[in-house]
Amino acid sequence: MPDSQQPPAVRRFGAFEVNLHSGELRKNGLRLRLSGQPFQVLAVLVERPIELVTREELHSKLWPADTFVDFDHGLNNAVARIREVLNDSSDTPRYIETVPRRGYRFIAPVTEVASGNGSVPASSLPANREARLTLSDASDGAKSAAAEEIQRKPRRWYWVLGAACVLALVSYGALVAWRRANTPPPLAKEQQITANPPEAPINAAVVSPDGKYLAYSDTTGMYIRHINTGEVRPLRLPKRFNAIPTGWFPDGSNLLLKSWDAAPENPSLWKVSILGGSPQKVIEDANDGAVSPDGSKIAFLRDAYPHTQEIWVVESDGSNARRVVQASSGSGISSVAWSPNGRRLAYMRFVGFGYLAGNKYTLETADLSGGTPTVLKTSAQLVPTLCWAPDRRLLYAYRDDPASERWDSGVWSVRVNEESGKLESGPQELTRGVGQIRGLSITADGRRLVLWRANSQPGVFLTEIDPATRRFKQPRRFTLDENGNVASAWTPDSTAVLFVSNRNGTWKLFRQAIDQVTPEVLVEGRSNFLPRLSPDGKHILYVKPENPAQPASVMQVPLQGGSPRVVLRMPSMGNIQCARSPSKLCLFLTLEGSMAHFFSFNTEVGTTQEFTAIHVTEEPGWNLSPDGSQLALILSPRERKVTFMSVDNKSTHEVELNPWSPRSLDWAADSKNVFVASRTANGAPVILGVEPNGNHRVLLEGDGATQYWWVIPSPDGRYGALEAETGENNVWMVEDF
């Protein structure tokens with residue numbers, strides 16, 4: 001067959017494209033990891049959309065008769081892997097439908113992408129091309145008979161035919177006009193402009209006002225990239241000056257940086273020239289700054305307690321700082337942006353806690369002169385980052401699929417009146433992509449939009465505890481898939497880890513033995529978080545928030561599996577902890593203003609009783625010792641200390657950790673010390689061992705590309721389940737949007 005007659009190699013469905021020749025699967029242009037048998041199964045299905053492909057056909061195509069494998073197991077695993085990558089579900093399929101005991105059917109519309117970028121529905125291609133007959137294929141006798149028949153028709157036949165044609169054209173024109181008015185414009189294409197590996201994930205990026213340069217930082221330093229040529233040069237900064245870019249000044253030669261060099265828990269804003277020279281401090285105690293369009297002012301976030309953040313504005317020389325927006329108690333503010341005229345600010349306000357499934361935010365605007373803020377949108381799908389375009393469109397990140405608990409997000413826009421701060425148009429989707437958007441910036445002319453996506457995911461690593469030194473040995477990856485996996489408990493016999501994982505768009509509860517590479521599902525459904533063991537070790541307790549607006553439930557399910565039941569429901573519930581038998585103590589925490597209230601609860605009947613209340617400046621981190629004798633608390637990371645509380649008499653004492661800033665803590669299995677996650681001055685993660693008597697030392701140190709969240713020891717004290725985050729974070733650009 002000549003090349004021009006070869007069938008197109010690319011099949012498109014939804015946001016996905018399958019290249020049958022190169023063996024690649026892409027989503028919105030981003031390559032996804034799917035190879036081997038799973039890709040071959042997907043290729044067969046998309047080549048025959050809507051048709052039933054039997055298990056026997058797949059067997060004969062992909063598993064030859066002389067191959068000694070468990071075919072059913074291999075095919076089931078292949079289809080499960082495809083569904084994970086496509087974010088599909090066997091219960092409510094969008095792409096692959098299971099026909100029980102027979103095979104599979106690809107149910108989404110599939111188009112063939114031709115070399116000229118045209119496409120034709122694959123399911124509508126004629127199966128028998130010889131069936132297309134025209135009048136020229138008929139015999140001469142048939143043609144003559146047809147002509148005589150036409151001559152015998154009355155003349156008014158022509159008028160009827162003409163009127164029908166006119167009516168058809170008018171109807172078609174109306175249909176086209178209606179479809180144009182009701183069809184959203186095509187999505188803009190995101191173009192990747194950096195290619196950092198997982199060893200150097202990008203953690204901030206902003207585009208210059210003229211659109212020529214990208215300033216970005218990763219775990220190795222800060223860089224300036226010429227967007228068109230790809231030339232990259234490091235930004236020279238003083239040694240040990242840790243900083244990330246948060247904005248450009250309008251002159252295009254100066255950057256606004258956020259640095260935590262002096263105190264990691266108290267960042268400050270600095271101005272630095274990309275041409276060289278020492279950074280100049282603008283203001284202390286400032287976070288996530290944004291420069292006004294004319295360069296005269298800087299808006300920034302400042303912590304205020306309890307558990308709030310405020311928006312402040314300062315002159316670009318650091319003078320005349322004043323508060324513009326204050327969050328109510330129990331909420332917080334993220335990602336501030338200036339309006340094009342520089343007289344109004346837009347921001348995201350945190351209003352509801354959703355664990356790993358996504359918090360609830362409101363999108364708001366506020367006038368610099370004060371007054372009541374204007375709420376534009378409230379949703380658990382809002383992602384806290386935004387920017388304001390010169391044409392008055394407010395651009396923000398938004399999670400694509402409301403039914404999914406994944407963090408894949410795209411860019412949306414609404415047009416906002418700069419004077420009133422109110423909406424002038426409804427939301428419009430601009431882009432889609434894989435990964436969470438964590439930053440947006442736009443050029444002065446509004447022609448280039450830059451965003452950086454985080455495709456890093458939390459994963460579980462297993463580490464052995466050296467019995468002689470009590471230090472952690474080199475961790476090994478425990479959860480091998482690329483989805484989010486969050487561990488928080490072990491089985492009582494120390495042979496398996498309990499964790500939640502998002503493998504098809506929902507957080508389910510899993511158990512995996514330490515000598516196995518695949519887990520088993522314990523609890524299906526969605527929004528299952530924070531598994532803990534009951535004191536007797538017979539049940540798993542876990543938290544289930546139905547949505548950020550409703551109280552969270554503490555659920556209980558037998559360790560060996562069974563039907564879950566509700567133990568109790570409480571609003572604003574955070575962490576839950578239980579001691580081990582013979583203790584029966586279980587605790588949870590709620591916040592009310594500046595008070596943290598600890599409650600004990602009965603796991604059988606759900607009754608609660610206040611255990612203690614302490615004054616806090618923010619939500620504390622805390623952990624109950626396995627023997628039930630002590631609480632360990634991080635009341636504020638900026639204080640660089642751990643507080644120990646006796647369960648019996650509620651007495652407390654503090655252990656100084658200077659220079660370490662604690663981020664999380666968990667008790668060792670023997671209740672003699674706590675494992676504290678922190679970071680070195682150059683950003684490398686560490687796990688500290690901290691004893692109540694004040695002794696502390698480094699037990700494990702990683703590299704700057706990895707973030708340690710916490711480590712959960714096995715009950716026998718031999719292992720630790722280390723929660724860490726790894727993966728690629730890169731920058732993308734959008735034009736013509």
# chains A, B, ... in the order shown; residues from 1 in each chain; ligands from 1
>>> residues_around(residues="range 253-260 of chain A", least_positions_apart="2", cutoff="6 Å", atoms="only C-alpha atoms", output="NGL selection string")
:A and (242-249 or 251 or 262-264 or 267-274)
>>> select_by_dssp(residues="range 167-400 of chain A", states="strand (DSSP E)", output="ChimeraX atom specification")
/A:190-192,202-207,213-218,221-226,232-234,243-248,254-259,268-273,280-283,287-291,297-304,308-315,322-326,332-338,344-352,360-367,374-379,382-388,393-399
>>> closest_residue(among="A:Phe598, A:Tyr542, A:Tyr719, A:Trp490", to="Pro467 in chain A", atoms="only C-alpha atoms")
A:Tyr719
>>> closest_residue(among="A:Arg349, A:Lys672, A:Arg48, A:Arg344", to="Ala366 in chain A", atoms="only C-alpha atoms")
A:Arg344
>>> residues_around(residues="range 322-331 of chain A", least_positions_apart="2", cutoff="9 Å", atoms="only C-alpha atoms", output="list in words")
Ala304, Tyr305, Pro306, His307, Thr308, Gln309, Glu310, Ile311, Trp312, Val313, Val314, Asn320, Ile333, Arg349, Phe350, Val351, Gly352, Ala366, Asp367, Leu368, Ser369, Gly370, Pro373, Leu591, Glu592, Gly593 and Ser594 of chain A
>>> closest_atom_pairs(of="range 531-639 of chain A", to="range 681-705 of chain A", cutoff="12 Å", atoms="only C-alpha atoms", output="tab-separated table")
residue	atom	partner	partner_atom	distance
A:Ser625	CA	A:Pro692	CA	11.7
A:Gln630	CA	A:Pro692	CA	9.8
A:Leu631	CA	A:Pro692	CA	10.6
A:Ala632	CA	A:Pro692	CA	8.9
A:Leu633	CA	A:Pro692	CA	11.5
>>> write_last_selection(atoms="N, CA and C atoms", output="PDB file, in the first residue's frame")
ATOM      1  N   SER A 625       1.850   9.120  72.294  1.00  0.00           N
ATOM      2  CA  SER A 625       2.813   8.027  72.430  1.00  0.00           C
ATOM      3  C   SER A 625       2.089   6.682  72.441  1.00  0.00           C
ATOM      4  N   GLN A 630       2.146  10.190  76.990  1.00  0.00           N
ATOM      5  CA  GLN A 630       2.567  11.551  76.664  1.00  0.00           C
ATOM      6  C   GLN A 630       2.018  12.000  75.312  1.00  0.00           C
ATOM      7  N   LEU A 631       1.833  13.300  75.216  1.00  0.00           N
ATOM      8  CA  LEU A 631       1.589  13.949  73.935  1.00  0.00           C
ATOM      9  C   LEU A 631       2.849  14.710  73.545  1.00  0.00           C
ATOM     10  N   ALA A 632       3.204  14.686  72.269  1.00  0.00           N
ATOM     11  CA  ALA A 632       4.256  15.544  71.731  1.00  0.00           C
ATOM     12  C   ALA A 632       3.596  16.513  70.769  1.00  0.00           C
ATOM     13  N   LEU A 633       3.934  17.816  70.884  1.00  0.00           N
ATOM     14  CA  LEU A 633       3.254  18.842  70.099  1.00  0.00           C
ATOM     15  C   LEU A 633       4.250  19.788  69.443  1.00  0.00           C
TER      16      LEU A 633
END
>>> residues_around(residues="range 495-509 of chain A", least_positions_apart="5", cutoff="8 Å", atoms="only C-alpha atoms", output="PyMOL selection string")
chain A and resi 83-85+87-89+357+403-406+483-490+514+521-531+721
>>> write_last_selection(atoms="C-alpha atoms", output="tab-separated table (two decimals), in the first residue's frame")
chain	number	residue	atom	x	y	z
A	83	ARG	CA	-7.89	2.77	33.66
A	84	GLU	CA	-5.47	4.27	36.19
A	85	VAL	CA	-3.72	6.30	33.48
A	87	ASN	CA	-8.60	8.19	35.22
A	88	ASP	CA	-11.37	5.76	34.30
A	89	SER	CA	-13.55	3.57	36.52
A	357	ALA	CA	-9.12	15.55	48.19
A	403	ALA	CA	-15.91	13.68	40.15
A	404	SER	CA	-12.20	13.04	40.62
A	405	GLU	CA	-10.04	13.59	43.69
A	406	ARG	CA	-6.91	13.99	41.57
A	483	ASN	CA	-0.11	7.83	42.05
A	484	GLY	CA	-0.48	9.53	45.42
A	485	ASN	CA	0.14	7.16	48.36
A	486	VAL	CA	-0.04	8.35	51.97
A	487	ALA	CA	0.81	6.01	54.88
A	488	SER	CA	-0.16	6.54	58.50
A	489	ALA	CA	-0.23	3.13	60.26
A	490	TRP	CA	1.04	-0.45	60.42
A	514	ILE	CA	6.41	-5.36	53.36
A	521	VAL	CA	-7.99	-2.77	48.83
A	522	LEU	CA	-9.57	-2.66	52.29
A	523	VAL	CA	-12.10	0.16	51.85
A	524	GLU	CA	-13.56	1.24	48.49
A	525	GLY	CA	-15.35	4.52	47.80
A	526	ARG	CA	-13.89	8.00	47.98
A	527	SER	CA	-12.42	10.44	50.52
A	528	ASN	CA	-10.91	7.89	52.89
A	529	PHE	CA	-8.01	9.34	54.88
A	530	LEU	CA	-5.71	8.91	57.86
A	531	PRO	CA	-6.01	5.20	58.76
A	721	ALA	CA	7.26	3.88	56.71
>>> residues_around(residues="Glu639 in chain A", least_positions_apart="3", cutoff="8 Å", atoms="only C-alpha atoms", output="tab-separated table (two decimals) with N, CA and C atoms, in the first residue's frame")
chain	number	residue	atom	x	y	z
A	635	LEU	N	3.73	23.41	68.54
A	635	LEU	CA	2.76	24.51	68.67
A	635	LEU	C	2.97	25.57	67.61
A	636	SER	N	4.23	25.73	67.15
A	636	SER	CA	4.52	26.67	66.07
A	636	SER	C	5.89	26.34	65.51
A	661	SER	N	13.72	23.63	62.44
A	661	SER	CA	12.30	24.00	62.49
A	661	SER	C	11.47	22.74	62.29
>>> residues_around(residues="Lys650 in chain A", least_positions_apart="2", cutoff="12 Å", atoms="only C-alpha atoms", output="CSV table (one decimal) with all heavy atoms, in the first residue's frame")
chain,number,residue,atom,x,y,z
A,598,PHE,N,-8.6,19.2,72.7
A,598,PHE,CA,-8.4,17.8,72.5
A,598,PHE,C,-9.6,17.0,73.2
A,598,PHE,O,-9.9,17.3,74.3
A,598,PHE,CB,-7.1,17.3,73.2
A,598,PHE,CG,-5.9,17.8,72.4
A,598,PHE,CD1,-5.3,19.0,72.6
A,598,PHE,CD2,-5.3,17.0,71.4
A,598,PHE,CE1,-4.2,19.4,71.9
A,598,PHE,CE2,-4.2,17.4,70.7
A,598,PHE,CZ,-3.6,18.6,71.0
A,611,PHE,N,-10.5,16.4,76.7
A,611,PHE,CA,-9.3,15.9,77.4
A,611,PHE,C,-8.5,17.1,77.9
A,611,PHE,O,-8.1,17.1,79.1
A,611,PHE,CB,-8.5,15.1,76.4
A,611,PHE,CG,-7.1,14.7,76.9
A,611,PHE,CD1,-7.0,13.7,77.8
A,611,PHE,CD2,-6.0,15.4,76.4
A,611,PHE,CE1,-5.7,13.3,78.2
A,611,PHE,CE2,-4.7,15.0,76.8
A,611,PHE,CZ,-4.6,14.0,77.8
A,612,THR,N,-8.3,18.1,77.1
A,612,THR,CA,-7.6,19.3,77.5
A,612,THR,C,-7.8,20.4,76.5
A,612,THR,O,-8.2,20.1,75.3
A,612,THR,CB,-6.1,19.1,77.7
A,612,THR,OG1,-5.5,20.2,78.4
A,612,THR,CG2,-5.4,18.8,76.4
A,613,ALA,N,-7.5,21.6,76.8
A,613,ALA,CA,-7.5,22.7,75.8
A,613,ALA,C,-6.3,23.6,76.0
A,613,ALA,O,-5.9,23.8,77.2
A,613,ALA,CB,-8.8,23.5,76.0
A,614,ILE,N,-5.7,24.0,75.0
A,614,ILE,CA,-4.5,24.8,75.1
A,614,ILE,C,-4.6,26.0,74.1
A,614,ILE,O,-5.3,25.9,73.1
A,614,ILE,CB,-3.2,24.1,74.7
A,614,ILE,CG1,-3.3,23.4,73.4
A,614,ILE,CG2,-2.9,23.0,75.8
A,614,ILE,CD1,-2.0,22.7,72.9
A,629,SER,N,1.1,7.6,77.4
A,629,SER,CA,1.6,8.4,78.6
A,629,SER,C,1.8,9.8,78.3
A,629,SER,O,1.8,10.7,79.2
A,629,SER,CB,2.8,7.8,79.2
A,629,SER,OG,3.9,7.9,78.3
A,630,GLN,N,2.1,10.2,77.0
A,630,GLN,CA,2.6,11.6,76.7
A,630,GLN,C,2.0,12.0,75.3
A,630,GLN,O,1.8,11.2,74.4
A,630,GLN,CB,4.1,11.7,76.6
A,630,GLN,CG,4.8,11.4,77.9
A,630,GLN,CD,6.3,11.6,77.7
A,630,GLN,OE1,6.8,12.8,77.8
A,630,GLN,NE2,7.1,10.6,77.5
A,631,LEU,N,1.8,13.3,75.2
A,631,LEU,CA,1.6,13.9,73.9
A,631,LEU,C,2.8,14.7,73.5
A,631,LEU,O,3.5,15.3,74.4
A,631,LEU,CB,0.4,14.9,74.0
A,631,LEU,CG,-1.0,14.4,73.9
A,631,LEU,CD1,-2.0,15.6,74.1
A,631,LEU,CD2,-1.2,13.8,72.6
A,632,ALA,N,3.2,14.7,72.3
A,632,ALA,CA,4.3,15.5,71.7
A,632,ALA,C,3.6,16.5,70.8
A,632,ALA,O,2.8,16.1,69.9
A,632,ALA,CB,5.3,14.7,71.0
A,643,THR,N,7.0,20.5,72.3
A,643,THR,CA,6.4,20.5,73.7
A,643,THR,C,5.9,19.1,74.0
A,643,THR,O,5.2,18.4,73.2
A,643,THR,CB,5.2,21.5,73.7
A,643,THR,OG1,5.7,22.8,73.4
A,643,THR,CG2,4.6,21.5,75.1
A,644,PHE,N,6.3,18.6,75.2
A,644,PHE,CA,5.9,17.3,75.7
A,644,PHE,C,4.9,17.5,76.8
A,644,PHE,O,5.1,18.4,77.7
A,644,PHE,CB,7.0,16.5,76.2
A,644,PHE,CG,8.0,16.1,75.1
A,644,PHE,CD1,9.1,16.8,74.8
A,644,PHE,CD2,7.8,14.9,74.4
A,644,PHE,CE1,10.0,16.4,73.8
A,644,PHE,CE2,8.6,14.5,73.4
A,644,PHE,CZ,9.7,15.2,73.1
A,645,MET,N,3.7,16.8,76.8
A,645,MET,CA,2.7,16.9,77.8
A,645,MET,C,2.4,15.6,78.4
A,645,MET,O,2.2,14.6,77.7
A,645,MET,CB,1.4,17.5,77.2
A,645,MET,CG,0.2,17.5,78.1
A,645,MET,SD,-1.4,18.0,77.3
A,645,MET,CE,-1.0,19.7,77.0
A,646,SER,N,2.3,15.5,79.7
A,646,SER,CA,2.0,14.3,80.4
A,646,SER,C,0.5,14.1,80.3
A,646,SER,O,-0.3,15.0,80.6
A,646,SER,CB,2.4,14.4,81.9
A,646,SER,OG,1.8,13.4,82.7
A,647,VAL,N,0.1,12.9,80.0
A,647,VAL,CA,-1.4,12.6,79.9
A,647,VAL,C,-2.0,12.6,81.2
A,647,VAL,O,-3.2,13.0,81.4
A,647,VAL,CB,-1.6,11.2,79.2
A,647,VAL,CG1,-3.0,10.7,79.3
A,647,VAL,CG2,-1.2,11.3,77.7
A,648,ASP,N,-1.3,12.2,82.3
A,648,ASP,CA,-1.9,12.1,83.6
A,648,ASP,C,-2.2,13.4,84.2
A,648,ASP,O,-3.4,13.7,84.6
A,648,ASP,CB,-0.9,11.3,84.5
A,648,ASP,CG,-0.9,9.9,84.2
A,648,ASP,OD1,-1.8,9.3,83.6
A,648,ASP,OD2,0.2,9.2,84.5
A,652,THR,N,3.5,20.3,81.2
A,652,THR,CA,4.3,20.3,79.9
A,652,THR,C,5.7,20.8,80.2
A,652,THR,O,6.0,21.5,81.2
A,652,THR,CB,3.6,21.3,79.0
A,652,THR,OG1,3.6,22.6,79.5
A,652,THR,CG2,2.2,20.9,78.6
A,653,HIS,N,6.6,20.4,79.3
A,653,HIS,CA,7.9,21.0,79.2
A,653,HIS,C,8.4,21.1,77.8
A,653,HIS,O,7.9,20.3,76.9
A,653,HIS,CB,8.9,20.2,80.1
A,653,HIS,CG,9.3,18.9,79.5
A,653,HIS,ND1,8.5,17.8,79.7
A,653,HIS,CD2,10.4,18.5,78.8
A,653,HIS,CE1,9.1,16.8,79.1
A,653,HIS,NE2,10.3,17.2,78.5
>>> atom_distance(atom1="CA of Leu624 in chain A", atom2="CA of Leu587 in chain A")
8.1 Å
>>> closest_residue(among="A:Leu42, A:Trp732, A:Ala346, A:Asp515", to="Leu30 in chain A", atoms="only C-alpha atoms")
A:Trp732
>>> residues_around(residues="Leu430 in chain A", least_positions_apart="3", cutoff="12 Å", atoms="only C-alpha atoms", output="list of chain:residue names")
A:Pro184, A:Pro185, A:Pro186, A:Leu187, A:Ala188, A:Lys189, A:Glu190, A:Arg393, A:Leu394, A:Leu395, A:Tyr396, A:Ala397, A:Tyr398, A:Asp400, A:Ser409, A:Gly410, A:Val411, A:Trp412, A:Ser413, A:Val414, A:Pro427, A:Gly433, A:Leu449, A:Val734, A:Glu735, A:Asp736, A:Phe737
>>> write_last_selection(atoms="C-alpha atoms", output="short mmCIF file (atom, residue, chain, number, x, y, z; two decimals), in the first residue's frame")
data_model
loop_
_atom_site.label_atom_id
_atom_site.label_comp_id
_atom_site.auth_asym_id
_atom_site.auth_seq_id
_atom_site.Cartn_x
_atom_site.Cartn_y
_atom_site.Cartn_z
CA PRO A 184 -16.99 26.99 23.60
CA PRO A 185 -13.83 28.05 21.75
CA PRO A 186 -11.12 25.41 21.40
CA LEU A 187 -8.73 25.08 24.31
CA ALA A 188 -5.37 26.79 24.07
CA LYS A 189 -2.34 24.53 23.86
CA GLU A 190 0.20 24.43 26.67
CA ARG A 393 -9.78 38.61 32.53
CA LEU A 394 -8.98 37.07 35.89
CA LEU A 395 -7.15 33.78 35.28
CA TYR A 396 -7.19 31.06 37.91
CA ALA A 397 -6.39 27.38 38.27
CA TYR A 398 -9.28 24.94 38.50
CA ASP A 400 -10.69 19.64 35.72
CA SER A 409 -5.97 21.24 36.85
CA GLY A 410 -6.40 23.70 34.00
CA VAL A 411 -6.62 27.46 33.53
CA TRP A 412 -10.03 29.16 33.58
CA SER A 413 -10.99 32.80 33.25
CA VAL A 414 -13.71 35.27 34.18
CA PRO A 427 -16.24 31.23 33.53
CA GLY A 433 -3.23 19.49 31.62
CA LEU A 449 0.85 33.11 30.10
CA VAL A 734 0.37 29.40 26.66
CA GLU A 735 -0.05 31.83 23.75
CA ASP A 736 -3.13 32.95 21.81
CA PHE A 737 -5.56 32.22 24.61
#
